[in-house]
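structure.csv (CSV, C-alpha atoms) appears below.
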chain,number,residue,atom,x,y,z
A,110,MET,CA,37.6,41.3,64.5
A,111,ILE,CA,35.0,38.6,64.3
A,112,LYS,CA,36.7,35.2,63.8
A,113,THR,CA,34.8,32.0,63.1
A,114,ILE,CA,36.6,28.6,63.0
A,115,LEU,CA,34.9,25.6,61.5
A,116,GLU,CA,36.6,22.2,61.3
A,117,ALA,CA,36.0,19.6,58.7
A,118,GLU,CA,35.9,15.8,59.4
A,119,SER,CA,38.8,15.4,57.0
A,120,GLY,CA,41.0,17.6,59.2
A,121,TYR,CA,41.2,21.0,57.5
A,122,GLN,CA,39.8,24.2,59.0
A,123,TRP,CA,37.8,27.1,57.6
A,124,ILE,CA,38.6,30.4,59.4
A,125,ASP,CA,36.3,33.3,58.5
A,126,VAL,CA,37.6,36.7,59.6
A,127,ILE,CA,35.5,39.9,59.4
A,128,SER,CA,36.9,43.4,59.8
A,129,PRO,CA,40.4,42.7,61.1
A,130,SER,CA,42.6,45.5,62.4
A,131,ASP,CA,46.3,45.7,61.5
A,132,LYS,CA,47.1,44.0,64.8
A,133,ASP,CA,44.7,41.2,64.0
A,134,LEU,CA,46.3,40.7,60.6
A,135,ARG,CA,49.8,40.4,62.2
A,136,GLU,CA,48.3,37.8,64.6
A,137,LEU,CA,46.9,35.8,61.7
A,138,ILE,CA,50.3,35.9,59.9
A,139,ARG,CA,52.0,34.7,63.1
A,140,GLN,CA,49.5,32.0,64.0
A,141,TYR,CA,49.0,30.5,60.6
A,142,LYS,CA,52.4,31.3,59.0
A,143,MET,CA,50.7,33.2,56.2
A,144,PRO,CA,52.5,35.3,53.5
A,145,ALA,CA,52.9,38.7,55.3
A,146,ALA,CA,52.9,41.0,52.2
A,147,ALA,CA,49.7,39.4,50.8
A,148,VAL,CA,47.9,39.5,54.1
A,149,LYS,CA,48.7,43.2,54.8
A,150,ASP,CA,47.7,44.1,51.2
A,151,CYS,CA,44.5,42.0,51.1
A,152,MET,CA,42.3,44.7,52.7
A,153,ALA,CA,42.9,47.3,50.0
A,154,SER,CA,39.6,48.1,48.3
A,155,PHE,CA,40.8,48.5,44.7
A,156,HIS,CA,41.9,44.9,44.0
A,157,MET,CA,40.5,43.0,41.0
A,158,PRO,CA,39.8,39.2,41.0
A,159,LYS,CA,43.0,37.2,40.7
A,160,VAL,CA,44.6,34.0,42.0
A,161,GLU,CA,48.3,33.4,42.7
A,162,PRO,CA,50.4,30.8,44.5
A,163,ILE,CA,52.6,32.2,47.3
A,164,GLY,CA,54.7,29.4,48.8
A,165,GLU,CA,52.5,26.7,50.3
A,166,TRP,CA,49.5,29.1,50.1
A,167,THR,CA,47.1,29.9,47.2
A,168,TYR,CA,45.9,33.6,47.4
A,169,PHE,CA,42.6,34.6,45.9
A,170,ILE,CA,41.0,38.0,45.5
A,171,VAL,CA,37.3,37.6,44.6
A,172,ARG,CA,34.8,40.4,44.1
A,173,TYR,CA,31.1,39.6,44.7
A,174,TYR,CA,27.9,41.6,44.0
A,175,ASP,CA,26.7,43.7,47.0
A,176,LEU,CA,23.0,42.9,47.4
A,177,TYR,CA,22.5,46.1,49.4
A,178,CYS,CA,24.2,48.6,47.0
A,179,GLU,CA,22.4,51.8,46.0
A,180,ASP,CA,20.1,51.8,42.9
A,181,ASP,CA,22.3,54.5,41.3
A,182,ALA,CA,25.6,52.7,42.1
A,183,ASP,CA,27.6,52.2,38.9
A,184,THR,CA,31.3,51.7,39.8
A,185,ILE,CA,33.2,48.6,40.8
A,186,GLN,CA,33.7,49.8,44.4
A,187,GLU,CA,30.0,50.8,44.8
A,188,ILE,CA,28.5,47.6,43.2
A,189,THR,CA,30.9,44.9,44.5
A,190,ASN,CA,32.6,44.0,47.7
A,191,LYS,CA,35.9,42.1,48.0
A,192,VAL,CA,36.9,38.9,49.9
A,193,ALA,CA,40.4,37.6,50.2
A,194,ILE,CA,40.9,33.8,50.4
A,195,PHE,CA,44.0,32.1,51.6
A,196,SER,CA,44.2,28.3,51.1
A,197,ASN,CA,46.6,25.5,51.8
A,198,ASP,CA,46.3,21.8,52.7
A,199,LYS,CA,45.3,22.5,56.4
A,200,TYR,CA,43.5,25.9,56.3
A,201,ILE,CA,41.2,28.0,54.2
A,202,LEU,CA,40.9,31.6,55.5
A,203,THR,CA,38.4,34.2,54.2
A,204,ILE,CA,39.1,37.8,55.1
A,205,HIS,CA,36.6,40.6,54.4
A,206,ARG,CA,35.6,44.0,55.8
A,207,THR,CA,31.9,43.4,56.3
A,208,GLY,CA,29.6,40.5,56.9
A,209,GLN,CA,28.6,38.6,53.8
A,210,PRO,CA,25.2,36.8,53.7
A,211,THR,CA,26.5,34.2,51.3
A,212,LEU,CA,29.4,33.2,53.6
A,213,ALA,CA,27.0,33.2,56.6
A,214,GLN,CA,24.7,30.9,54.7
A,215,LEU,CA,27.7,28.6,53.8
A,216,ALA,CA,28.7,28.6,57.5
A,217,ASN,CA,25.2,27.5,58.5
A,218,GLU,CA,25.3,24.7,55.8
A,219,TRP,CA,28.7,23.6,57.2
A,220,ARG,CA,27.3,23.3,60.7
A,221,ASN,CA,24.5,21.2,59.3
A,222,GLY,CA,26.9,18.8,57.8
A,223,SER,CA,27.3,19.9,54.2
A,224,HIS,CA,31.1,20.2,54.7
A,225,THR,CA,31.5,16.4,54.6
A,226,ARG,CA,31.0,16.6,50.8
A,227,TYR,CA,34.2,18.7,50.4
A,228,GLU,CA,37.2,16.4,50.9
A,229,SER,CA,39.9,19.0,50.8
A,230,THR,CA,40.5,22.8,51.0
A,231,GLU,CA,40.8,22.8,47.2
A,232,HIS,CA,37.3,21.3,46.8
A,233,PHE,CA,35.9,23.7,49.4
A,234,ALA,CA,37.5,26.6,47.7
A,235,TYR,CA,35.5,25.8,44.6
A,236,LYS,CA,32.3,25.8,46.7
A,237,LEU,CA,33.3,29.3,48.1
A,238,LEU,CA,33.9,30.6,44.6
A,239,ASP,CA,30.6,29.0,43.4
A,240,MET,CA,28.6,30.8,46.2
A,241,LEU,CA,30.2,34.1,45.5
A,242,LEU,CA,29.7,33.7,41.8
A,243,LYS,CA,25.9,33.2,42.4
A,244,THR,CA,25.6,36.7,43.8
A,245,TYR,CA,26.0,38.0,40.3
A,246,ASP,CA,23.0,35.9,39.2
A,247,LEU,CA,20.9,37.7,41.8
A,248,GLY,CA,22.3,41.1,40.6
A,249,MET,CA,21.5,40.3,37.0
A,250,ASN,CA,18.0,39.2,37.9
A,251,GLN,CA,17.4,42.6,39.6
A,252,ALA,CA,19.0,44.4,36.6
A,253,SER,CA,16.8,42.5,34.1
A,254,GLU,CA,13.7,43.4,36.0
A,255,ARG,CA,14.7,47.1,35.9
A,256,LEU,CA,15.4,46.9,32.2
A,257,ASP,CA,12.0,45.4,31.5
A,258,ALA,CA,10.4,48.3,33.5
A,259,TYR,CA,12.5,50.9,31.6
A,260,GLU,CA,11.5,49.3,28.3
A,261,LYS,CA,7.9,50.2,29.0
A,262,GLU,CA,8.8,53.7,29.9
A,263,VAL,CA,10.7,54.3,26.7
A,264,PHE,CA,7.5,54.6,24.7
A,265,ARG,CA,5.7,56.7,27.3
A,266,GLU,CA,5.8,60.4,27.9
A,267,MET,CA,8.7,61.9,26.1
A,268,LYS,CA,9.2,64.8,28.5
A,269,ASP,CA,10.7,62.5,31.2
A,270,GLY,CA,14.5,62.9,30.6
A,271,SER,CA,15.5,60.9,33.7
A,272,ILE,CA,15.1,57.7,31.7
A,273,PHE,CA,18.4,58.4,29.9
A,274,GLU,CA,20.3,58.7,33.2
A,275,ARG,CA,18.7,55.5,34.6
A,276,LEU,CA,19.4,53.5,31.4
A,277,TYR,CA,23.0,54.8,31.4
A,278,GLN,CA,23.5,53.7,35.1
A,279,LEU,CA,22.1,50.2,34.2
A,280,LYS,CA,24.5,50.0,31.2
A,281,ARG,CA,27.4,51.0,33.5
A,282,ARG,CA,26.3,48.3,36.0
A,283,GLY,CA,26.3,45.8,33.1
A,284,SER,CA,29.8,46.8,32.2
A,285,VAL,CA,30.9,46.2,35.8
A,286,PHE,CA,29.3,42.8,35.9
A,287,LYS,CA,30.9,42.0,32.5
A,288,ARG,CA,34.4,42.9,33.7
A,289,MET,CA,34.1,41.1,37.0
A,290,LEU,CA,32.8,37.9,35.4
A,291,TYR,CA,35.5,37.9,32.8
A,292,LEU,CA,38.2,38.2,35.5
A,293,THR,CA,36.5,35.7,37.7
A,294,LYS,CA,36.3,33.2,34.9
A,295,ASP,CA,40.0,33.7,34.2
A,296,LEU,CA,40.7,33.2,38.0
A,297,LEU,CA,38.8,29.8,37.9
A,298,GLN,CA,40.6,28.6,34.8
A,299,ASN,CA,44.0,29.4,36.3
A,300,TYR,CA,43.1,27.7,39.6
A,301,MET,CA,41.7,24.7,37.8
A,302,ARG,CA,45.1,24.0,36.2
A,303,THR,CA,46.7,23.5,39.6
A,304,THR,CA,44.1,21.3,41.3
A,305,LYS,CA,42.4,17.9,40.9
A,306,ASP,CA,39.7,17.5,38.3
A,307,PHE,CA,36.7,18.4,40.5
A,308,PRO,CA,33.2,18.3,38.8
A,309,LEU,CA,32.4,21.5,40.8
A,310,ALA,CA,35.3,23.3,39.0
A,311,HIS,CA,33.8,22.5,35.6
A,312,HIS,CA,30.4,23.6,36.9
A,313,ASN,CA,31.9,26.9,38.0
A,314,ILE,CA,33.4,27.6,34.6
A,315,GLU,CA,30.2,26.8,32.8
A,316,PHE,CA,28.2,28.9,35.3
A,317,ALA,CA,30.6,31.9,34.8
A,318,ASP,CA,30.2,31.5,31.0
A,319,SER,CA,26.4,31.5,31.2
A,320,LEU,CA,26.5,34.6,33.5
A,321,TYR,CA,28.9,36.3,31.1
A,322,TYR,CA,26.6,35.7,28.1
A,323,ARG,CA,23.6,37.0,30.1
A,324,VAL,CA,25.3,40.2,31.2
A,325,ASP,CA,26.5,40.7,27.6
A,326,GLU,CA,22.9,40.6,26.5
A,327,LEU,CA,21.8,42.9,29.3
A,328,HIS,CA,24.5,45.4,28.4
A,329,GLU,CA,23.5,45.3,24.7
A,330,ASN,CA,19.8,45.6,25.5
A,331,ALA,CA,20.4,48.6,27.7
A,332,ASN,CA,22.5,50.2,24.9
A,333,ASN,CA,19.7,49.5,22.4
A,334,LEU,CA,17.1,51.1,24.6
A,335,ILE,CA,19.2,54.2,24.9
A,336,ASN,CA,19.6,54.4,21.1
A,337,LEU,CA,15.8,53.7,20.7
A,338,ARG,CA,14.9,56.5,23.1
A,339,LEU,CA,17.2,58.9,21.2
A,340,SER,CA,15.6,57.8,17.9
A,341,LEU,CA,12.1,58.4,19.3
A,342,ALA,CA,13.1,61.8,20.7
A,343,SER,CA,14.6,62.7,17.3
A,344,HIS,CA,11.4,61.4,15.5
A,345,ARG,CA,9.2,63.5,17.8
A,346,THR,CA,11.3,66.6,17.2
A,347,ASN,CA,11.0,66.0,13.4
A,348,GLU,CA,7.3,65.7,13.7
A,349,ILE,CA,7.0,69.0,15.6
A,350,MET,CA,9.3,70.7,13.1
A,351,GLY,CA,7.2,69.4,10.2
A,352,ILE,CA,4.0,70.8,11.8
A,353,LEU,CA,5.6,74.2,12.4
A,354,THR,CA,6.9,74.2,8.8
A,355,ILE,CA,3.4,73.5,7.4
A,356,PHE,CA,1.9,76.3,9.5
A,357,SER,CA,4.6,78.7,8.3
A,358,VAL,CA,3.9,77.8,4.6
A,359,PHE,CA,0.2,78.5,5.2
A,360,PHE,CA,0.9,82.0,6.6
A,361,LEU,CA,3.7,83.0,4.3
A,362,PRO,CA,1.5,84.2,1.3
A,363,LEU,CA,-1.0,85.7,3.7
A,364,THR,CA,1.8,87.7,5.4
A,365,PHE,CA,3.0,88.8,2.0
A,366,ILE,CA,-0.5,90.1,1.1
A,367,VAL,CA,-0.9,91.9,4.4
A,368,GLY,CA,2.5,93.4,4.0
A,369,VAL,CA,1.8,94.8,0.6
A,370,TYR,CA,-1.5,96.4,1.7
A,371,GLY,CA,0.1,97.7,4.9
A,372,MET,CA,2.6,99.9,3.0
A,373,ASN,CA,2.1,103.6,3.6
A,374,PHE,CA,1.7,104.9,0.0
A,375,LYS,CA,-1.2,106.9,-1.3
A,376,ASP,CA,-1.5,105.3,-4.7
A,377,ILE,CA,-1.7,101.5,-4.3
A,378,PRO,CA,-3.8,99.6,-6.9
A,379,GLU,CA,-7.2,98.3,-5.9
A,380,LEU,CA,-7.3,100.4,-2.7
A,381,GLN,CA,-10.5,102.2,-4.0
A,382,VAL,CA,-12.1,99.1,-5.4
A,383,ASP,CA,-15.6,98.4,-4.1
A,384,ASN,CA,-15.7,95.3,-1.8
A,385,GLY,CA,-11.9,95.2,-1.9
A,386,TYR,CA,-11.7,94.1,1.7
A,387,ALA,CA,-14.0,91.1,0.9
A,388,ILE,CA,-12.0,90.3,-2.3
A,389,VAL,CA,-8.7,90.2,-0.3
A,390,TRP,CA,-10.3,87.9,2.3
A,391,GLY,CA,-11.6,85.6,-0.6
A,392,VAL,CA,-8.1,85.5,-2.1
A,393,MET,CA,-6.4,84.7,1.2
A,394,ILE,CA,-9.0,81.9,2.0
A,395,SER,CA,-8.5,80.5,-1.5
A,396,ILE,CA,-4.7,80.4,-1.0
A,397,VAL,CA,-5.2,78.6,2.3
A,398,ILE,CA,-7.5,76.0,0.7
A,399,GLY,CA,-5.3,75.6,-2.3
A,400,THR,CA,-2.2,75.1,-0.2
A,401,TYR,CA,-4.1,72.5,1.9
A,402,ILE,CA,-5.3,70.6,-1.2
A,403,TRP,CA,-1.7,70.6,-2.6
A,404,PHE,CA,-0.2,69.3,0.7
A,405,LYS,CA,-2.9,66.6,0.9
A,406,LYS,CA,-2.1,65.4,-2.7
A,407,LYS,CA,1.6,65.3,-1.8
A,408,GLY,CA,0.8,63.2,1.3
A,409,TRP,CA,2.5,65.7,3.6
A,410,ILE,CA,-0.5,66.1,5.8

Rewritten as structure tokens:
Amino acid sequence: MIKTILEAESGYQWIDVISPSDKDLRELIRQYKMPAAAVKDCMASFHMPKVEPIGEWTYFIVRYYDLYCEDDADTIQEITNKVAIFSNDKYILTIHRTGQPTLAQLANEWRNGSHTRYESTEHFAYKLLDMLLKTYDLGMNQASERLDAYEKEVFREMKDGSIFERLYQLKRRGSVFKRMLYLTKDLLQNYMRTTKDFPLAHHNIEFADSLYYRVDELHENANNLINLRLSLASHRTNEIMGILTIFSVFFLPLTFIVGVYGMNFKDIPELQVDNGYAIVWGVMISIVIGTYIWFKKKGWI
């Protein structure tokens, strides 16, 4: 376990705990008189964002975007990580499995004196939530850049089928962002009802709203690109089928003529006609030219 304790001038402490064992969690429960069931349960990986009061403590589960997730990640567990936050009047504890750059940055700002702006654990909790919420802004910037690149690829070589998979993964990522932001916004609204009227709380709500609208647009654009790619593929298929149909119409009467003169009968009209071979070629060429002129007038070619 890595445990960092930072103390504010107003008297409360921020305790940041990374990768605690079961023994470490029991020690935290004993030392800070924390709710045992919530602490033991907080390390489970499947929790969604929520906030609930437990005695004198307020218990948060917050999910944030993992900046180092794989490009093909498209599930909640692959794209986001979780941090548990326990807050009361004297302490604010953050518990998570791995190091988080955002929390490390906030700890550095604290050491440089920024904590003096946060008068209480409630106020500082909003700052924590704000910093974790901003990770989605970075994630959506990355996703938007990828979407712009995919948009250019959609109109290129039609043989590259991997664009469908990549667009679908981006759409799935947008769905994860959308769900997490909706739940985080709900968390903020519920917490704001029980705290003082901090300006930072309203900022967080507005920021969550703006992120939600952005990710909704991202999700819709990814879906539109998938549909556009399917439409282009269908249009290309129709063009190819049209060309093949035109060729088949050209050769159908010629095949008929060849078929007639290829029958194995002794008495077939015109077989003994002088220059019959040349006449048949003339007829076939005339049919091809006539078919072409007819197609041209109809605007089919």

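For the residues A:Gly164, A:Ile204, A:Arg345, A:Arg172, ranking by smallest atom-to-atom distance to Val126 of chain A using only C-alpha atoms places A:Ile204 first.
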
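One distance worth recording is that between atom CA of Ala317 of chain A and atom CA of Met289 of chain A, which is 10.1 Å.
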
At most 8 Å is the cut-off: for each residue in segment 235-312 of chain A with any atom that close to an atom of segment 182-191 of chain A, write down the nearest atom pair and the distance in Å rounded to one decimal, counting all atoms listed in the file, chain first then increasing number, as a tab-separated table.
residue	atom	partner	partner_atom	distance
A:Gln278	CA	A:Asp183	CA	5.8
A:Leu279	CA	A:Asp183	CA	7.5
A:Arg281	CA	A:Asp183	CA	5.5
A:Arg282	CA	A:Asp183	CA	5.0
A:Val285	CA	A:Ile185	CA	6.0

Can I get the selection written as a PDB file, in the coordinates of the input, with C-alpha atoms?
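That gives us again.pdb:
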ATOM      1  CA  GLN A 278      23.500  53.700  35.100  1.00  0.00           C
ATOM      2  CA  LEU A 279      22.100  50.200  34.200  1.00  0.00           C
ATOM      3  CA  ARG A 281      27.400  51.000  33.500  1.00  0.00           C
ATOM      4  CA  ARG A 282      26.300  48.300  36.000  1.00  0.00           C
ATOM      5  CA  VAL A 285      30.900  46.200  35.800  1.00  0.00           C
TER       6      VAL A 285
END

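Atom to atom, atom CA of Lys159 of chain A and atom CA of Leu296 of chain A stand 5.3 Å apart.
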
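What separates atom CA of Glu231 of chain A from atom CA of Tyr300 of chain A is a distance of 9.3 Å.
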
Counting all atoms listed in the file, figure out which residue out of A:Ser340, A:Thr354, A:Asn384, A:Gln214 gets nearest to Met240 of chain A. A:Gln214

Considering only C-alpha atoms, return as a PDB file with C-alpha atoms, in the coordinates of the input whatever protein or nucleic-acid residues lie within 12 Å of Tyr141 of chain A, sequence-local ones (same chain, fewer than 5 positions apart) excluded.
ATOM      1  CA  GLN A 122      39.800  24.200  59.000  1.00  0.00           C
ATOM      2  CA  ILE A 124      38.600  30.400  59.400  1.00  0.00           C
ATOM      3  CA  LEU A 134      46.300  40.700  60.600  1.00  0.00           C
ATOM      4  CA  ARG A 135      49.800  40.400  62.200  1.00  0.00           C
ATOM      5  CA  GLU A 136      48.300  37.800  64.600  1.00  0.00           C
ATOM      6  CA  VAL A 148      47.900  39.500  54.100  1.00  0.00           C
ATOM      7  CA  GLU A 165      52.500  26.700  50.300  1.00  0.00           C
ATOM      8  CA  TRP A 166      49.500  29.100  50.100  1.00  0.00           C
ATOM      9  CA  PHE A 195      44.000  32.100  51.600  1.00  0.00           C
ATOM     10  CA  SER A 196      44.200  28.300  51.100  1.00  0.00           C
ATOM     11  CA  ASN A 197      46.600  25.500  51.800  1.00  0.00           C
ATOM     12  CA  LYS A 199      45.300  22.500  56.400  1.00  0.00           C
ATOM     13  CA  TYR A 200      43.500  25.900  56.300  1.00  0.00           C
ATOM     14  CA  ILE A 201      41.200  28.000  54.200  1.00  0.00           C
ATOM     15  CA  LEU A 202      40.900  31.600  55.500  1.00  0.00           C
TER      16      LEU A 202
END

Which neighbours of segment 388-393 of chain A fall inside 9 Å, counting all atoms listed in the file, when residues of the same chain fewer than 6 positions from it are skipped, and could you give them as a PyMOL selection string? chain A and resi 362-363+366

Hey, which bits of segment 111-219 of chain A sit within 10 Å of segment 246-260 of chain A, and for each residue what's the closest pair of atoms and how far apart in Å (one decimal), counting all atoms listed in the file, rows by chain and increasing number, as CSV?
residue,atom,partner,partner_atom,distance
A:Tyr173,CA,A:Gly248,CA,9.8
A:Tyr174,CA,A:Gly248,CA,6.6
A:Asp175,CA,A:Gly248,CA,8.2
A:Leu176,CA,A:Gly248,CA,7.1
A:Asp180,CA,A:Ala252,CA,9.8
A:Ile188,CA,A:Gly248,CA,9.4

With C-alpha atoms retained, export the selected residues as an mmCIF file, in the coordinates of the input.
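Okay, this is what ended up in again_0.cif:
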data_model
loop_
_atom_site.group_PDB
_atom_site.id
_atom_site.type_symbol
_atom_site.label_atom_id
_atom_site.label_comp_id
_atom_site.auth_asym_id
_atom_site.auth_seq_id
_atom_site.Cartn_x
_atom_site.Cartn_y
_atom_site.Cartn_z
ATOM 1 C CA TYR A 173 31.100 39.600 44.700
ATOM 2 C CA TYR A 174 27.900 41.600 44.000
ATOM 3 C CA ASP A 175 26.700 43.700 47.000
ATOM 4 C CA LEU A 176 23.000 42.900 47.400
ATOM 5 C CA ASP A 180 20.100 51.800 42.900
ATOM 6 C CA ILE A 188 28.500 47.600 43.200
#

Rank nothing, just name the residue among A:Ser119, A:Thr293, A:Gln209, A:Asn221 nearest to Ile170 of chain A, using only C-alpha atoms. A:Thr293

What would segment 121-130 of chain A look like with all heavy atoms in place, written as a compact mmCIF listing (two decimals), in the coordinates of the input?
# COMPACT_ATOMS: atom_id res chain seq x y z
N TYR A 121 40.87 19.62 57.79
CA TYR A 121 41.20 21.00 57.50
C TYR A 121 40.21 21.95 58.22
O TYR A 121 39.14 21.54 58.66
CB TYR A 121 41.23 21.29 56.00
CG TYR A 121 39.88 21.23 55.31
CD1 TYR A 121 39.07 22.36 55.23
CD2 TYR A 121 39.43 20.06 54.70
CE1 TYR A 121 37.84 22.32 54.58
CE2 TYR A 121 38.20 20.01 54.05
CZ TYR A 121 37.42 21.14 54.00
OH TYR A 121 36.20 21.10 53.36
N GLN A 122 40.59 23.23 58.33
CA GLN A 122 39.80 24.20 59.00
C GLN A 122 39.41 25.38 58.07
O GLN A 122 40.22 25.77 57.23
CB GLN A 122 40.47 24.79 60.24
CG GLN A 122 40.60 23.83 61.40
CD GLN A 122 41.25 24.48 62.61
OE1 GLN A 122 41.94 25.49 62.48
NE2 GLN A 122 41.03 23.91 63.78
N TRP A 123 38.20 25.88 58.23
CA TRP A 123 37.80 27.10 57.60
C TRP A 123 37.74 28.22 58.64
O TRP A 123 36.98 28.12 59.59
CB TRP A 123 36.45 26.98 56.88
CG TRP A 123 35.89 28.27 56.33
CD1 TRP A 123 36.60 29.37 55.95
CD2 TRP A 123 34.52 28.59 56.10
NE1 TRP A 123 35.77 30.36 55.50
CE2 TRP A 123 34.47 29.91 55.58
CE3 TRP A 123 33.33 27.90 56.29
CZ2 TRP A 123 33.28 30.54 55.25
CZ3 TRP A 123 32.13 28.52 55.95
CH2 TRP A 123 32.11 29.83 55.44
N ILE A 124 38.56 29.26 58.47
CA ILE A 124 38.60 30.40 59.40
C ILE A 124 38.05 31.61 58.65
O ILE A 124 38.64 32.06 57.67
CB ILE A 124 40.01 30.68 59.91
CG1 ILE A 124 40.55 29.47 60.68
CG2 ILE A 124 40.01 31.89 60.83
CD1 ILE A 124 41.48 28.62 59.85
N ASP A 125 36.91 32.12 59.10
CA ASP A 125 36.30 33.30 58.50
C ASP A 125 36.55 34.51 59.38
O ASP A 125 36.19 34.52 60.55
CB ASP A 125 34.78 33.08 58.32
CG ASP A 125 34.11 34.22 57.57
OD1 ASP A 125 34.64 34.62 56.51
OD2 ASP A 125 33.07 34.71 58.04
N VAL A 126 37.18 35.53 58.81
CA VAL A 126 37.60 36.70 59.60
C VAL A 126 36.92 37.94 59.00
O VAL A 126 37.01 38.21 57.79
CB VAL A 126 39.14 36.88 59.52
CG1 VAL A 126 39.57 38.11 60.30
CG2 VAL A 126 39.84 35.64 60.04
N ILE A 127 36.24 38.70 59.87
CA ILE A 127 35.50 39.90 59.40
C ILE A 127 36.13 41.12 60.10
O ILE A 127 36.35 41.13 61.33
CB ILE A 127 34.02 39.81 59.80
CG1 ILE A 127 33.40 38.55 59.18
CG2 ILE A 127 33.28 41.06 59.33
CD1 ILE A 127 31.95 38.33 59.59
N SER A 128 36.42 42.14 59.30
CA SER A 128 36.90 43.40 59.80
C SER A 128 38.09 43.35 60.72
O SER A 128 38.03 43.85 61.85
CB SER A 128 35.74 44.19 60.44
OG SER A 128 36.09 45.53 60.69
N PRO A 129 39.20 42.76 60.27
CA PRO A 129 40.40 42.70 61.10
C PRO A 129 41.13 44.02 61.18
O PRO A 129 41.15 44.76 60.19
CB PRO A 129 41.22 41.60 60.49
CG PRO A 129 40.87 41.70 59.04
CD PRO A 129 39.42 42.10 58.98
N SER A 130 41.75 44.31 62.30
CA SER A 130 42.60 45.50 62.40
C SER A 130 44.03 45.06 61.96
O SER A 130 44.30 43.88 61.68
CB SER A 130 42.67 45.95 63.86
OG SER A 130 43.25 44.95 64.70
